[in-house]
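**Student:** Before we start, here is the structure in question, set down as structure tokens.
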Amino acid sequence: MSIITEEQFNLAFRRTSTTAFREVFHAHSQVEITYIHDGYGQLITEGQAFPLEPGTLMIFRPFQLHQIQIQVTKEHPFIRSVLMYEQHLLNSHSRQFAVSNRFTMDLLGQTSPLQPIRLSASSPLVQMIEQFADILPTLLPHVAEEDTRLFLLGLLAQLRYLWKDRQYPSSTALPTGSPVLHPHAEAVMQWIEEHYNEAFRLEDIADTLHLSPYHLSHIFKKATGTTIVAYAQATRIRHACVLLTSTTHTVPEIGHRVGMSSPSYFCKVFRNATGTTPHQYRLNVQGRG
């Protein structure tokens, strides 16, 4: 049995930021579960925006493009607990834990973003995260290997209880959308999602929305903190990661399928975004890196 690496499982309890926090749009192969202990802001994901506040639980599917923006103050620093894990860690247990496996597949297979929920800090799920974060550094490698899988299975059971009864007293669904995301910024995201596999210019999006490229760029940057070009590249890289892990297409073919026909340019953009080459990324996800 191989030792679980940090890329396969990483848990940080009460990670704290004391300055303004705004991520770049990004996606990754791991499932991400983040709980906000303190901080107010917004989550932008797949063309939707959700308000964030203390007691918010977020779940991100593999390769789900997202960005978190937090307005940090002295009274409210950004404090969150972040769990990231590769779903394949539980594959060998899918038969023994069929109910949890089916729930996970249903949860991660949804086409729309999983909307954040409010969850009390005293809930069993948050308490489990805190307890395991405390004990994990003290475990021997072979013990950590087993306990990590048991922890993930227990966490999935807690999530299943929450989803089974959305009237669970300490959890409340947050609004499905928020006016904080400008409608033109949302329209840009939707347009890019529909056309990422084509070569296009900023003018093409602006013409569709009947705005000048300058005005549209200003609106998008103000709403998201990033440029339309950067968002388009992040979208293409997200889809490339999916193709690298789910198909046997060659790297040049995948680059072409995500709108970047030059293999060298595709590899350059991919490396800048992920820190590795497309080929090495494929090997890492397959456990052969």
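Lettering and numbering for the structure tokens are positional, with chains as A, B, ... in the shown order, residues counted from 1 in each chain, and ligands counted from 1 in the shown order.
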Excluding Thr245 in chain A and any residue of its chain fewer than 2 positions from it, enumerate the residues within 8 Å of it, using only C-alpha atoms, and give them as a list of chain:residue names.
**Tutor:**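 Listed by chain and then number, they are A:Cys241, A:Val242, A:Leu243, A:Thr247, A:Arg282, A:Val285, A:Gln286.
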**Student:** For Arg271 in chain A, list every protein, DNA or RNA residue within 12 Å, evaluated using only C-alpha atoms, and leave out those in the same chain fewer than 2 positions away; present the list as an mmCIF file with N, CA, C and O atoms, in the first residue's frame.
**Tutor:**
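The file below, around-v4.cif, is the result:
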```
data_model
loop_
_atom_site.group_PDB
_atom_site.id
_atom_site.type_symbol
_atom_site.label_atom_id
_atom_site.label_comp_id
_atom_site.auth_asym_id
_atom_site.auth_seq_id
_atom_site.Cartn_x
_atom_site.Cartn_y
_atom_site.Cartn_z
ATOM 1 N N GLN A 233 -8.460 31.591 -20.676
ATOM 2 C CA GLN A 233 -7.364 30.622 -20.558
ATOM 3 C C GLN A 233 -7.622 29.638 -19.421
ATOM 4 O O GLN A 233 -7.373 28.432 -19.576
ATOM 5 N N ALA A 234 -8.130 30.130 -18.295
ATOM 6 C CA ALA A 234 -8.430 29.239 -17.169
ATOM 7 C C ALA A 234 -9.502 28.233 -17.548
ATOM 8 O O ALA A 234 -9.439 27.057 -17.158
ATOM 9 N N ILE A 237 -7.875 25.599 -19.794
ATOM 10 C CA ILE A 237 -7.019 24.697 -19.019
ATOM 11 C C ILE A 237 -7.878 23.725 -18.219
ATOM 12 O O ILE A 237 -7.549 22.536 -18.079
ATOM 13 N N ALA A 240 -8.988 21.139 -20.529
ATOM 14 C CA ALA A 240 -7.839 20.321 -20.922
ATOM 15 C C ALA A 240 -7.523 19.297 -19.830
ATOM 16 O O ALA A 240 -7.213 18.131 -20.129
ATOM 17 N N CYS A 241 -7.622 19.706 -18.557
ATOM 18 C CA CYS A 241 -7.365 18.775 -17.447
ATOM 19 C C CYS A 241 -8.354 17.612 -17.470
ATOM 20 O O CYS A 241 -7.978 16.464 -17.227
ATOM 21 N N SER A 264 2.940 24.158 -28.795
ATOM 22 C CA SER A 264 3.910 24.828 -27.925
ATOM 23 C C SER A 264 3.232 25.891 -27.065
ATOM 24 O O SER A 264 3.540 26.038 -25.875
ATOM 25 N N TYR A 265 2.285 26.629 -27.668
ATOM 26 C CA TYR A 265 1.562 27.650 -26.910
ATOM 27 C C TYR A 265 0.679 27.002 -25.849
ATOM 28 O O TYR A 265 0.619 27.467 -24.703
ATOM 29 N N PHE A 266 0.022 25.914 -26.221
ATOM 30 C CA PHE A 266 -0.823 25.188 -25.264
ATOM 31 C C PHE A 266 0.006 24.716 -24.078
ATOM 32 O O PHE A 266 -0.394 24.897 -22.909
ATOM 33 N N CYS A 267 1.160 24.123 -24.336
ATOM 34 C CA CYS A 267 2.008 23.621 -23.245
ATOM 35 C C CYS A 267 2.505 24.762 -22.365
ATOM 36 O O CYS A 267 2.579 24.623 -21.140
ATOM 37 N N LYS A 268 2.821 25.912 -22.979
ATOM 38 C CA LYS A 268 3.292 27.060 -22.217
ATOM 39 C C LYS A 268 2.201 27.577 -21.281
ATOM 40 O O LYS A 268 2.446 27.811 -20.088
ATOM 41 N N VAL A 269 0.987 27.760 -21.816
ATOM 42 C CA VAL A 269 -0.131 28.254 -21.010
ATOM 43 C C VAL A 269 -0.473 27.250 -19.913
ATOM 44 O O VAL A 269 -0.722 27.625 -18.763
ATOM 45 N N ALA A 273 -0.210 27.773 -15.793
ATOM 46 C CA ALA A 273 -1.416 27.663 -14.967
ATOM 47 C C ALA A 273 -1.299 26.592 -13.892
ATOM 48 O O ALA A 273 -1.821 26.747 -12.788
ATOM 49 N N THR A 274 -0.635 25.482 -14.203
ATOM 50 C CA THR A 274 -0.616 24.336 -13.294
ATOM 51 C C THR A 274 0.745 24.040 -12.684
ATOM 52 O O THR A 274 0.842 23.253 -11.735
ATOM 53 N N GLY A 275 1.799 24.620 -13.248
ATOM 54 C CA GLY A 275 3.137 24.350 -12.741
ATOM 55 C C GLY A 275 3.763 23.101 -13.302
ATOM 56 O O GLY A 275 4.868 22.718 -12.888
ATOM 57 N N THR A 276 3.094 22.458 -14.250
ATOM 58 C CA THR A 276 3.632 21.241 -14.851
ATOM 59 C C THR A 276 3.174 21.137 -16.295
ATOM 60 O O THR A 276 2.304 21.898 -16.738
ATOM 61 N N THR A 277 3.763 20.207 -17.049
ATOM 62 C CA THR A 277 3.387 20.032 -18.445
ATOM 63 C C THR A 277 2.116 19.182 -18.540
ATOM 64 O O THR A 277 1.785 18.451 -17.592
ATOM 65 N N PRO A 278 1.397 19.254 -19.663
ATOM 66 C CA PRO A 278 0.211 18.399 -19.809
ATOM 67 C C PRO A 278 0.531 16.917 -19.645
ATOM 68 O O PRO A 278 -0.227 16.186 -19.007
ATOM 69 N N HIS A 279 1.650 16.485 -20.230
ATOM 70 C CA HIS A 279 2.019 15.066 -20.134
ATOM 71 C C HIS A 279 2.290 14.669 -18.686
ATOM 72 O O HIS A 279 1.796 13.630 -18.212
ATOM 73 N N GLN A 280 3.041 15.490 -17.949
ATOM 74 C CA GLN A 280 3.350 15.165 -16.560
ATOM 75 C C GLN A 280 2.101 15.230 -15.696
ATOM 76 O O GLN A 280 1.929 14.433 -14.769
ATOM 77 N N TYR A 281 1.202 16.164 -16.016
ATOM 78 C CA TYR A 281 -0.056 16.262 -15.277
ATOM 79 C C TYR A 281 -0.844 14.967 -15.425
ATOM 80 O O TYR A 281 -1.376 14.439 -14.445
#
```
**Student:** Which parts of range 27-241 of chain A does DSSP call alpha helix (DSSP H) when run on the backbone here, written out as a PyMOL selection string?
**Tutor:** chain A and resi 98-108+124-135+141-164+183-195+202-209+213-224+228-241
**Student:** For Ser123 in chain A, which of A:Met189, A:Gln87, A:Leu162, A:Gln110 is the closest residue, counting only C-alpha atoms?
**Tutor:**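 For Ser123 in chain A, the nearest of the candidates is A:Leu162.
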**Student:** Please determine, counting only C-alpha atoms, which residue among A:Gln190, A:Thr248, A:Asn272, A:Thr16 has the shortest atom-to-atom distance to Ile228 in chain A.
**Tutor:**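 Going through A:Gln190, A:Thr248, A:Asn272, A:Thr16 one by one, the smallest distance to Ile228 in chain A is for A:Gln190.
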**Student:** Quick one: pull the distance between CA of Arg236 in chain A and CA of Val251 in chain A, Å, one decimal.
**Tutor:**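 Straight-line distance from CA of Arg236 in chain A to CA of Val251 in chain A works out to 13.3 Å.
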**Student:** Range 4-173 of chain A: which residues are strand (DSSP E) by DSSP, as a VMD selection string?
**Tutor:** chain A and resid 9 to 17 21 to 22 31 to 38 41 to 45 48 to 52 56 to 60 66 to 70 78 to 85 117 to 119 171 to 173
**Student:** Can I get the residues of range 200-289 of chain A within 9 Å of range 64-85 of chain A, each with the closest pair of atoms and their distance in Å to one decimal, using only C-alpha atoms, sorted chain first then ascending number, as JSON lines?
**Tutor:**
```
{"residue": "A:Thr224", "atom": "CA", "partner": "A:Gln67", "partner_atom": "CA", "distance": 8.2}
{"residue": "A:Gly225", "atom": "CA", "partner": "A:Gln69", "partner_atom": "CA", "distance": 8.7}
{"residue": "A:Ala234", "atom": "CA", "partner": "A:Leu65", "partner_atom": "CA", "distance": 7.7}
{"residue": "A:Thr235", "atom": "CA", "partner": "A:Leu65", "partner_atom": "CA", "distance": 7.1}
{"residue": "A:Arg238", "atom": "CA", "partner": "A:Leu65", "partner_atom": "CA", "distance": 6.9}
```
**Student:** In Å, with one decimal, what is the gap from CA of Phe13 in chain A to CA of Ile59 in chain A?
**Tutor:**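 A separation of 15.8 Å between them.
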**Student:** If you measure from CA of Leu119 in chain A to CA of Tyr161 in chain A, what distance in Å do you get, rounded to one decimal?
**Tutor:**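 Here the two named atoms are 12.6 Å from each other.
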**Student:** At a cut-off of 9 Å, using only C-alpha atoms, what residues contact Glu53 in chain A? Leave out same-chain residues fewer than 5 positions from it and give the result as number ranges by chain.
**Tutor:** A: 36-42, 118
**Student:** Name the closest residue to Tyr35 in chain A among the candidates A:Ala121, A:Met260, A:Leu90, A:Ile3; distances are taken between atoms, counting only C-alpha atoms.
**Tutor:** A:Ala121
**Student:** Which neighbours of Arg149 in chain A fall inside 12 Å, counting only C-alpha atoms, when residues of the same chain fewer than 2 positions from it are skipped, and could you give them as a ChimeraX atom specification?
**Tutor:** /A:3-4,8-9,85-94,97,132,136,142-147,151-156
**Student:** Using only C-alpha atoms, which residue out of A:Lys164, A:Arg95, A:His184, A:His28 lies closest to Leu107 in chain A?
**Tutor:**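 Residue with the minimum atom-to-atom distance to Leu107 in chain A: A:Lys164.
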**Student:** For Leu202 in chain A, which of A:His182, A:Phe270, A:Val229, A:Glu130 is the closest residue, counting only C-alpha atoms?
**Tutor:** A:Val229
